[in-house]
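Student: Dumping the structure here so I can ask a few things about it.
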Amino acid sequence: MNKKVSVSAPGKLMLLGEHAVVYNRLCLVTAVDKRLYTTVEIIDKSEFQLEAKDVGISEYKKPMSRLGKGSIFKAAQFVEIAIANSVSHPPEFISGSTQILKQVQNDSLGIRVTTKSEFSAKLGFGSSSAVTACIIKAISQLFHLKLSKKEIFDLAYKTVLDIQGDGSGFDVASAVYGGTIYFVTGGKVIEYLNAASLPLVVGYSGIKADTVRIINKVKKDFANRQSCLDEIYNSIEILVNQGKEALIKMDWQSFGKLMNKNQEYLKGLGVSIEKLDNMIKAALDAGAYGAKLSGAGGGDCMIALVSNENKEEVKEAIQNVGREVFDIKTNAEGIRIE
Ligand code: PMV
């Protein structure tokens, strides 16, 4: 019996469509070449153990019978609930429990998880969804459950909703499927795009965004203006569809313009902040095709689409007003066994 497996998943960047995608609309998301690694091991003690030094967790332990119950250390939530959802209370599609899964359910075996990431959880690259996807893929492998990508997505998305309450699942889909995908809320559509890697530069604002807080802020700010909100989301959806075409044609000029338009809508939603605005302006002044925040807003990162000729200039301009600048490659591979 294989008692140990290592799985990795990519980080993600939202290209177009954030916020609107929470409400039954489309987005474009790409997986980046910075990965999160997990090792999941079956142990002879009925205990859940977690070692995740990148997020300050060392020697976290709990009896398997308490999995997902009682107080859960915040940084351990996604790993713990992912295991509880796939092992302790498996959904219908994994009810064909294997012998070894039954032993874990009967409290005679336990699970030890170790995680390590190439990107900081502060950036907003989707470390929570990446770790959730990795854990479910690892459990599927260890217990011979043969879960499909869609089943892994569904279970990982359920886990994220159990914890956060809100969210489209775009980040989970990006971790599971990789590449650049065209995505509709909850995985109603998950379509790989035959797209080249985008020449992107990423600037980190130095401020950690709280996605759920920002989603709720938009709801509250527009509580009496639902039709105005719908209009913004519909306009965003139109430009996501135009972006899909531009991406496939590698028409960076058009894609850049759509990023700028999307940023205007995000400002209309009130989710951009001065720091991100300054970084975006700096990138555009230095000749980027387009620039926008990526994700919920309120902090985290902005992205700029560049040409080979102006890449260094754009990077320097962002660096001057931001915190950190990264070169990344898009279209990275989704979850994989290492
Ligand atoms: O903050 P991030 O990187 O998790 O992105 C959030 C994007 C939203 O559309 C606001 C939420 C979602 O789940 O789609």
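Ligands are numbered from 1 in the order shown, chains are lettered A, B, ... in the order of the structure tokens, and residues start at 1 in each chain.
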Show me which residues line ligand 1, defined as having an atom within 6 Å of a ligand atom where only C-alpha atoms and all ligand atoms count, and present them as a list of chain:residue names.
Tutor: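 Within the 6 Å cut-off, the matching residues are A:Glu18, A:His19, A:Val21, A:Val22, A:Gly124, A:Gly167, A:Ser168, A:Gly169, A:Phe170, A:Thr211, A:Ile215, A:Gly295, A:Ala296.
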Student: Write the residues of the selection above to a file with C-alpha atoms, as a PDB file, in the first residue's frame.
Tutor:
```pdb
ATOM      1  CA  GLU A  18     -13.581  39.422 -10.602  1.00  0.00           C
ATOM      2  CA  HIS A  19     -16.632  40.225  -8.459  1.00  0.00           C
ATOM      3  CA  VAL A  21     -18.100  36.029 -11.355  1.00  0.00           C
ATOM      4  CA  VAL A  22     -19.469  35.643  -7.823  1.00  0.00           C
ATOM      5  CA  GLY A 124      -3.484  36.655  -2.968  1.00  0.00           C
ATOM      6  CA  GLY A 167     -16.911  32.803  -3.535  1.00  0.00           C
ATOM      7  CA  SER A 168     -17.147  31.753  -7.168  1.00  0.00           C
ATOM      8  CA  GLY A 169     -14.642  28.868  -7.060  1.00  0.00           C
ATOM      9  CA  PHE A 170     -12.496  30.371  -9.859  1.00  0.00           C
ATOM     10  CA  THR A 211     -11.776  38.781   0.042  1.00  0.00           C
ATOM     11  CA  ILE A 215     -17.432  41.039  -1.289  1.00  0.00           C
ATOM     12  CA  GLY A 295      -8.633  39.548  -7.259  1.00  0.00           C
ATOM     13  CA  ALA A 296     -10.946  41.127  -4.739  1.00  0.00           C
TER      14      ALA A 296
END
```
Student: With a distance cut-off of 6 Å and only C-alpha atoms, select the neighbouring residues of A:Phe183, excluding the residue or stretch itself and same-chain residues fewer than 5 positions from it, and output the selection as a list in words.
Tutor: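 Listed by chain and then number, they are Leu26, Cys27, Val189 and Ile190 of chain A.
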Student: Once you have the residues from the selection above, write them out as a PDB file, in the first residue's frame, restricted to C-alpha atoms.
Tutor:
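Okay, out35.pdb is ready:
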```pdb
ATOM      1  CA  LEU A  26     -17.851  34.753 -16.461  1.00  0.00           C
ATOM      2  CA  CYS A  27     -14.198  35.327 -15.739  1.00  0.00           C
ATOM      3  CA  VAL A 189     -18.486  26.213 -17.234  1.00  0.00           C
ATOM      4  CA  ILE A 190     -14.787  25.401 -17.029  1.00  0.00           C
TER       5      ILE A 190
END
```
Student: Set the distance at 12 Å and use only C-alpha atoms: which residues neighbour A:Arg336 once local chain neighbours fewer than 6 positions away are removed? I'd like the list as an NGL selection string.
Tutor: :A and (5-10 or 35-39 or 130 or 133-138 or 141 or 149 or 175-178)
Student: Please list as a ChimeraX atom specification every residue within 6 Å of A:Val40, counting only C-alpha atoms and excluding residues in the same chain fewer than 3 positions away.
Tutor: /A:4-5,112-113
Student: Given only C-alpha atoms as the basis, pick out the residue of A:Asp285, A:Asp300, A:Asp277, A:Asp44 nearest to A:Ser108.
Tutor: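 Closest candidate: A:Asp44.
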Student: Could you please determine the separation between atom CA of A:Asn194 and atom CA of A:Gly11 in Å, to one decimal place?
Tutor: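 For atom CA of A:Asn194 relative to atom CA of A:Gly11, the distance reads 19.3 Å.
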Student: Do you have the atom CA of A:Lys292-atom CA of A:Ser272 distance handy?
Tutor: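 So the answer is 9.2 Å.
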Student: I'd like the neighbourhood of A:Gly270 as a list of chain:residue names, where a residue qualifies if any of its atoms comes within 10 Å (using only C-alpha atoms), though same-chain residues fewer than 2 positions away should be ignored.
Tutor: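 Everything that qualifies: A:Ile214, A:Lys217, A:Val218, A:Asp221, A:Glu264, A:Tyr265, A:Leu266, A:Lys267, A:Gly268, A:Ser272, A:Ile273, A:Gly297, A:Gly298.
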Student: Would you write out those residues with all heavy atoms, as an mmCIF file, in the first residue's frame?
Tutor:
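Output saved as again29.cif:
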```
data_model
loop_
_atom_site.group_PDB
_atom_site.id
_atom_site.type_symbol
_atom_site.label_atom_id
_atom_site.label_comp_id
_atom_site.auth_asym_id
_atom_site.auth_seq_id
_atom_site.Cartn_x
_atom_site.Cartn_y
_atom_site.Cartn_z
ATOM 1 N N ILE A 214 -14.434 42.265 1.409
ATOM 2 C CA ILE A 214 -14.647 43.156 0.261
ATOM 3 C C ILE A 214 -15.920 42.777 -0.508
ATOM 4 O O ILE A 214 -16.677 43.646 -0.948
ATOM 5 C CB ILE A 214 -13.394 43.194 -0.639
ATOM 6 C CG1 ILE A 214 -12.253 43.823 0.184
ATOM 7 C CG2 ILE A 214 -13.627 43.987 -1.916
ATOM 8 C CD1 ILE A 214 -10.899 43.627 -0.362
ATOM 9 N N LYS A 217 -18.629 44.238 1.438
ATOM 10 C CA LYS A 217 -18.639 45.704 1.340
ATOM 11 C C LYS A 217 -19.372 46.131 0.062
ATOM 12 O O LYS A 217 -20.192 47.055 0.077
ATOM 13 C CB LYS A 217 -17.200 46.232 1.345
ATOM 14 C CG LYS A 217 -17.080 47.734 1.209
ATOM 15 C CD LYS A 217 -15.623 48.156 1.152
ATOM 16 C CE LYS A 217 -15.427 49.624 0.851
ATOM 17 N NZ LYS A 217 -16.066 50.143 -0.338
ATOM 18 N N VAL A 218 -19.096 45.424 -1.046
ATOM 19 C CA VAL A 218 -19.775 45.759 -2.306
ATOM 20 C C VAL A 218 -21.290 45.556 -2.137
ATOM 21 O O VAL A 218 -22.091 46.407 -2.526
ATOM 22 C CB VAL A 218 -19.224 44.911 -3.484
ATOM 23 C CG1 VAL A 218 -20.020 45.166 -4.767
ATOM 24 C CG2 VAL A 218 -17.744 45.208 -3.713
ATOM 25 N N ASP A 221 -22.583 48.450 0.000
ATOM 26 C CA ASP A 221 -22.539 49.755 -0.675
ATOM 27 C C ASP A 221 -23.612 49.880 -1.757
ATOM 28 O O ASP A 221 -24.051 50.975 -2.082
ATOM 29 C CB ASP A 221 -21.161 49.983 -1.321
ATOM 30 C CG ASP A 221 -20.079 50.191 -0.274
ATOM 31 O OD1 ASP A 221 -20.434 50.307 0.919
ATOM 32 O OD2 ASP A 221 -18.884 50.218 -0.636
ATOM 33 N N GLU A 264 -11.697 50.226 -14.605
ATOM 34 C CA GLU A 264 -12.650 51.334 -14.379
ATOM 35 C C GLU A 264 -13.911 50.815 -13.675
ATOM 36 O O GLU A 264 -14.414 51.437 -12.745
ATOM 37 C CB GLU A 264 -13.035 51.996 -15.712
ATOM 38 C CG GLU A 264 -11.941 52.905 -16.285
ATOM 39 C CD GLU A 264 -11.436 53.928 -15.254
ATOM 40 O OE1 GLU A 264 -12.281 54.606 -14.632
ATOM 41 O OE2 GLU A 264 -10.203 54.033 -15.073
ATOM 42 N N TYR A 265 -14.401 49.649 -14.118
ATOM 43 C CA TYR A 265 -15.585 49.073 -13.460
ATOM 44 C C TYR A 265 -15.277 48.703 -12.008
ATOM 45 O O TYR A 265 -16.118 48.885 -11.117
ATOM 46 C CB TYR A 265 -16.091 47.844 -14.216
ATOM 47 C CG TYR A 265 -16.706 48.179 -15.567
ATOM 48 C CD1 TYR A 265 -16.267 47.554 -16.725
ATOM 49 C CD2 TYR A 265 -17.731 49.113 -15.668
ATOM 50 C CE1 TYR A 265 -16.822 47.862 -17.956
ATOM 51 C CE2 TYR A 265 -18.286 49.436 -16.895
ATOM 52 C CZ TYR A 265 -17.833 48.812 -18.030
ATOM 53 O OH TYR A 265 -18.378 49.126 -19.250
ATOM 54 N N LEU A 266 -14.078 48.192 -11.771
ATOM 55 C CA LEU A 266 -13.716 47.811 -10.396
ATOM 56 C C LEU A 266 -13.638 49.054 -9.509
ATOM 57 O O LEU A 266 -14.025 49.024 -8.337
ATOM 58 C CB LEU A 266 -12.389 47.034 -10.387
ATOM 59 C CG LEU A 266 -12.495 45.628 -11.008
ATOM 60 C CD1 LEU A 266 -11.114 45.050 -11.313
ATOM 61 C CD2 LEU A 266 -13.250 44.684 -10.080
ATOM 62 N N LYS A 267 -13.171 50.139 -10.100
ATOM 63 C CA LYS A 267 -13.162 51.400 -9.338
ATOM 64 C C LYS A 267 -14.600 51.831 -9.046
ATOM 65 O O LYS A 267 -14.910 52.307 -7.954
ATOM 66 C CB LYS A 267 -12.416 52.492 -10.103
ATOM 67 C CG LYS A 267 -10.908 52.292 -10.043
ATOM 68 C CD LYS A 267 -10.148 53.358 -10.778
ATOM 69 C CE LYS A 267 -10.010 54.606 -9.931
ATOM 70 N NZ LYS A 267 -8.951 55.491 -10.436
ATOM 71 N N GLY A 268 -15.469 51.632 -10.021
ATOM 72 C CA GLY A 268 -16.892 51.934 -9.832
ATOM 73 C C GLY A 268 -17.498 51.115 -8.699
ATOM 74 O O GLY A 268 -18.396 51.580 -7.992
ATOM 75 N N SER A 272 -10.998 49.287 -5.621
ATOM 76 C CA SER A 272 -9.583 49.618 -5.812
ATOM 77 C C SER A 272 -9.144 50.531 -4.667
ATOM 78 O O SER A 272 -9.988 51.078 -3.956
ATOM 79 C CB SER A 272 -9.354 50.286 -7.163
ATOM 80 O OG SER A 272 -7.986 50.213 -7.496
ATOM 81 N N ILE A 273 -7.871 50.651 -4.486
ATOM 82 C CA ILE A 273 -7.358 51.550 -3.439
ATOM 83 C C ILE A 273 -6.248 52.408 -4.048
ATOM 84 O O ILE A 273 -5.724 52.074 -5.120
ATOM 85 C CB ILE A 273 -6.809 50.766 -2.217
ATOM 86 C CG1 ILE A 273 -5.753 49.744 -2.661
ATOM 87 C CG2 ILE A 273 -7.910 50.112 -1.420
ATOM 88 C CD1 ILE A 273 -4.981 49.115 -1.516
ATOM 89 N N GLY A 297 -9.450 43.068 -4.721
ATOM 90 C CA GLY A 297 -9.135 44.485 -4.519
ATOM 91 C C GLY A 297 -8.865 44.740 -3.041
ATOM 92 O O GLY A 297 -8.764 43.788 -2.258
ATOM 93 N N GLY A 298 -8.714 46.017 -2.700
ATOM 94 C CA GLY A 298 -8.415 46.348 -1.304
ATOM 95 C C GLY A 298 -6.974 46.059 -0.910
ATOM 96 O O GLY A 298 -6.585 46.273 0.230
#
```
Student: In stretch 197-294 of chain A, what's strand (DSSP E or B) per DSSP? Answer as a list of chain:residue names?
Tutor: A:Leu200, A:Val201, A:Val202, A:Gly203, A:Tyr204, A:Gly290, A:Ala291, A:Lys292, A:Leu293, A:Ser294
Student: Next, the residues of the selection above should be written as a CSV table (one decimal), in the first residue's frame with N, CA, C and O atoms.
Tutor:
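Writing the result to again_6.csv gives the following:
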```csv
chain,number,residue,atom,x,y,z
A,200,LEU,N,3.0,39.1,-18.6
A,200,LEU,CA,2.5,39.8,-17.5
A,200,LEU,C,3.6,40.2,-16.5
A,200,LEU,O,4.5,39.4,-16.2
A,201,VAL,N,3.4,41.3,-15.9
A,201,VAL,CA,4.2,41.7,-14.7
A,201,VAL,C,3.3,41.9,-13.5
A,201,VAL,O,2.2,42.4,-13.7
A,202,VAL,N,3.7,41.4,-12.4
A,202,VAL,CA,2.8,41.4,-11.2
A,202,VAL,C,3.4,42.4,-10.2
A,202,VAL,O,4.6,42.2,-9.8
A,203,GLY,N,2.6,43.3,-9.6
A,203,GLY,CA,3.1,44.2,-8.6
A,203,GLY,C,2.3,43.9,-7.3
A,203,GLY,O,1.1,43.9,-7.3
A,204,TYR,N,3.0,43.8,-6.2
A,204,TYR,CA,2.4,43.5,-4.9
A,204,TYR,C,2.3,44.8,-4.2
A,204,TYR,O,3.2,45.6,-4.0
A,290,GLY,N,-1.9,47.5,-20.8
A,290,GLY,CA,-3.1,47.6,-19.9
A,290,GLY,C,-2.7,47.2,-18.5
A,290,GLY,O,-1.6,46.5,-18.3
A,291,ALA,N,-3.4,47.6,-17.5
A,291,ALA,CA,-3.1,47.2,-16.1
A,291,ALA,C,-4.4,47.3,-15.3
A,291,ALA,O,-5.3,48.1,-15.5
A,292,LYS,N,-4.5,46.4,-14.3
A,292,LYS,CA,-5.6,46.3,-13.4
A,292,LYS,C,-5.3,45.6,-12.1
A,292,LYS,O,-4.3,44.9,-12.0
A,293,LEU,N,-6.2,45.8,-11.1
A,293,LEU,CA,-6.0,45.0,-9.9
A,293,LEU,C,-6.4,43.5,-10.3
A,293,LEU,O,-7.1,43.3,-11.3
A,294,SER,N,-5.9,42.6,-9.5
A,294,SER,CA,-6.3,41.2,-9.8
A,294,SER,C,-6.8,40.5,-8.5
A,294,SER,O,-6.0,40.4,-7.5
```
Student: Could you pull out the alpha helix (DSSP H) residues of stretch 34-209 of chain A, going by DSSP on the backbone, and write them as number ranges by chain?
Tutor: A: 77-83, 99-105, 127-142, 149-164, 170-177
Student: For the selection you just gave me, I'd like the residues written to a file as a short mmCIF file (atom, residue, chain, number, x, y, z; two decimals), in the first residue's frame, keeping N, CA and C atoms.
Tutor:
```cif
data_model
loop_
_atom_site.label_atom_id
_atom_site.label_comp_id
_atom_site.auth_asym_id
_atom_site.auth_seq_id
_atom_site.Cartn_x
_atom_site.Cartn_y
_atom_site.Cartn_z
N GLN A 77 -7.47 25.73 8.73
CA GLN A 77 -8.87 25.46 8.35
C GLN A 77 -9.04 24.69 7.03
N PHE A 78 -8.37 25.19 5.99
CA PHE A 78 -8.62 24.59 4.67
C PHE A 78 -8.16 23.14 4.61
N VAL A 79 -7.00 22.86 5.22
CA VAL A 79 -6.48 21.49 5.21
C VAL A 79 -7.42 20.60 6.03
N GLU A 80 -7.76 21.07 7.21
CA GLU A 80 -8.56 20.24 8.12
C GLU A 80 -9.96 19.96 7.55
N ILE A 81 -10.62 20.99 7.05
CA ILE A 81 -11.98 20.78 6.54
C ILE A 81 -11.95 19.97 5.23
N ALA A 82 -10.89 20.15 4.44
CA ALA A 82 -10.77 19.34 3.20
C ALA A 82 -10.68 17.87 3.56
N ILE A 83 -9.92 17.54 4.60
CA ILE A 83 -9.80 16.13 5.00
C ILE A 83 -11.12 15.65 5.59
N GLN A 99 -11.01 -0.17 1.67
CA GLN A 99 -10.71 -0.73 2.98
C GLN A 99 -9.93 0.26 3.85
N ILE A 100 -8.94 0.88 3.24
CA ILE A 100 -8.07 1.77 4.02
C ILE A 100 -8.82 3.04 4.45
N LEU A 101 -9.74 3.50 3.60
CA LEU A 101 -10.52 4.67 3.98
C LEU A 101 -11.39 4.31 5.20
N LYS A 102 -11.93 3.07 5.19
CA LYS A 102 -12.77 2.64 6.32
C LYS A 102 -11.95 2.63 7.61
N GLN A 103 -10.67 2.24 7.52
CA GLN A 103 -9.83 2.21 8.72
C GLN A 103 -9.63 3.62 9.29
N VAL A 104 -9.51 4.59 8.38
CA VAL A 104 -9.37 5.97 8.86
C VAL A 104 -10.69 6.40 9.50
N GLN A 105 -11.79 6.03 8.84
CA GLN A 105 -13.11 6.42 9.39
C GLN A 105 -13.37 5.75 10.74
N SER A 127 -3.48 30.64 -2.16
CA SER A 127 -2.85 29.53 -1.43
C SER A 127 -3.91 28.64 -0.77
N SER A 128 -5.02 29.22 -0.30
CA SER A 128 -6.04 28.40 0.37
C SER A 128 -6.69 27.42 -0.61
N SER A 129 -7.02 27.91 -1.80
CA SER A 129 -7.65 26.99 -2.76
C SER A 129 -6.63 25.99 -3.29
N ALA A 130 -5.37 26.42 -3.43
CA ALA A 130 -4.34 25.48 -3.92
C ALA A 130 -4.14 24.35 -2.91
N VAL A 131 -4.07 24.69 -1.62
CA VAL A 131 -3.84 23.65 -0.62
C VAL A 131 -5.05 22.72 -0.53
N THR A 132 -6.24 23.28 -0.66
CA THR A 132 -7.46 22.47 -0.59
C THR A 132 -7.49 21.46 -1.75
N ALA A 133 -7.18 21.95 -2.94
CA ALA A 133 -7.17 21.05 -4.12
C ALA A 133 -6.12 19.95 -3.95
N CYS A 134 -4.94 20.34 -3.45
CA CYS A 134 -3.86 19.35 -3.26
C CYS A 134 -4.29 18.24 -2.30
N ILE A 135 -4.91 18.64 -1.19
CA ILE A 135 -5.29 17.66 -0.16
C ILE A 135 -6.30 16.67 -0.74
N ILE A 136 -7.26 17.17 -1.50
CA ILE A 136 -8.30 16.27 -2.01
C ILE A 136 -7.72 15.35 -3.09
N LYS A 137 -6.84 15.87 -3.90
CA LYS A 137 -6.16 15.02 -4.90
C LYS A 137 -5.34 13.94 -4.17
N ALA A 138 -4.65 14.33 -3.11
CA ALA A 138 -3.81 13.38 -2.37
C ALA A 138 -4.66 12.28 -1.72
N ILE A 139 -5.78 12.69 -1.13
CA ILE A 139 -6.68 11.71 -0.49
C ILE A 139 -7.22 10.75 -1.55
N SER A 140 -7.57 11.29 -2.70
CA SER A 140 -8.08 10.45 -3.79
C SER A 140 -7.03 9.41 -4.18
N GLN A 141 -5.78 9.85 -4.26
CA GLN A 141 -4.69 8.96 -4.67
C GLN A 141 -4.40 7.91 -3.59
N LEU A 142 -4.32 8.36 -2.33
CA LEU A 142 -3.95 7.44 -1.24
C LEU A 142 -5.03 6.37 -1.01
N LYS A 149 -11.25 15.26 -12.23
CA LYS A 149 -10.93 16.67 -11.94
C LYS A 149 -12.18 17.40 -11.45
N LYS A 150 -13.31 17.13 -12.09
CA LYS A 150 -14.54 17.84 -11.71
C LYS A 150 -14.95 17.45 -10.29
N GLU A 151 -14.78 16.17 -9.92
CA GLU A 151 -15.13 15.75 -8.56
C GLU A 151 -14.19 16.40 -7.53
N ILE A 152 -12.90 16.50 -7.91
CA ILE A 152 -11.96 17.18 -7.01
C ILE A 152 -12.38 18.65 -6.87
N PHE A 153 -12.71 19.28 -8.02
CA PHE A 153 -13.16 20.67 -7.97
C PHE A 153 -14.38 20.81 -7.06
N ASP A 154 -15.38 19.95 -7.25
CA ASP A 154 -16.63 20.08 -6.48
C ASP A 154 -16.39 19.98 -4.97
N LEU A 155 -15.56 19.01 -4.60
CA LEU A 155 -15.30 18.80 -3.16
C LEU A 155 -14.44 19.94 -2.59
N ALA A 156 -13.48 20.41 -3.39
CA ALA A 156 -12.64 21.52 -2.93
C ALA A 156 -13.48 22.80 -2.83
N TYR A 157 -14.38 23.00 -3.78
CA TYR A 157 -15.22 24.20 -3.77
C TYR A 157 -16.17 24.16 -2.57
N LYS A 158 -16.71 22.96 -2.29
CA LYS A 158 -17.59 22.83 -1.12
C LYS A 158 -16.80 23.20 0.16
N THR A 159 -15.55 22.74 0.22
CA THR A 159 -14.70 23.03 1.37
C THR A 159 -14.52 24.54 1.54
N VAL A 160 -14.23 25.22 0.42
CA VAL A 160 -14.03 26.68 0.47
C VAL A 160 -15.32 27.37 0.92
N LEU A 161 -16.46 26.93 0.40
CA LEU A 161 -17.73 27.55 0.80
C LEU A 161 -18.05 27.27 2.27
N ASP A 162 -17.73 26.05 2.74
CA ASP A 162 -17.95 25.73 4.16
C ASP A 162 -17.21 26.73 5.05
N ILE A 163 -16.04 27.15 4.61
CA ILE A 163 -15.21 28.03 5.44
C ILE A 163 -15.54 29.51 5.20
N GLN A 164 -15.62 29.90 3.93
CA GLN A 164 -15.77 31.33 3.60
C GLN A 164 -17.21 31.78 3.44
N PHE A 170 -13.45 30.21 -8.74
CA PHE A 170 -12.50 30.37 -9.86
C PHE A 170 -11.08 29.97 -9.47
N ASP A 171 -10.74 30.27 -8.21
CA ASP A 171 -9.39 29.96 -7.73
C ASP A 171 -9.18 28.46 -7.57
N VAL A 172 -10.23 27.76 -7.11
CA VAL A 172 -10.17 26.30 -6.97
C VAL A 172 -10.01 25.68 -8.36
N ALA A 173 -10.79 26.19 -9.32
CA ALA A 173 -10.73 25.64 -10.69
C ALA A 173 -9.33 25.84 -11.27
N SER A 174 -8.75 27.01 -11.01
CA SER A 174 -7.43 27.28 -11.55
C SER A 174 -6.40 26.32 -10.95
N ALA A 175 -6.51 26.06 -9.64
CA ALA A 175 -5.58 25.13 -8.98
C ALA A 175 -5.75 23.72 -9.55
N VAL A 176 -6.98 23.30 -9.78
CA VAL A 176 -7.23 21.92 -10.24
C VAL A 176 -6.88 21.78 -11.73
N TYR A 177 -7.38 22.68 -12.56
CA TYR A 177 -7.25 22.51 -14.01
C TYR A 177 -5.99 23.14 -14.59
#
```
Student: What's the 9 Å shell around A:Thr30, counting only C-alpha atoms, without same-chain residues fewer than 4 positions away, as a PyMOL selection string?
Tutor: chain A and resi 11-15+174+178-181+330-332
Student: What does the distance between atom CA of A:Lys249 and atom CA of A:Gly17 come to in Å, to one decimal place?
Tutor: 19.0 Å
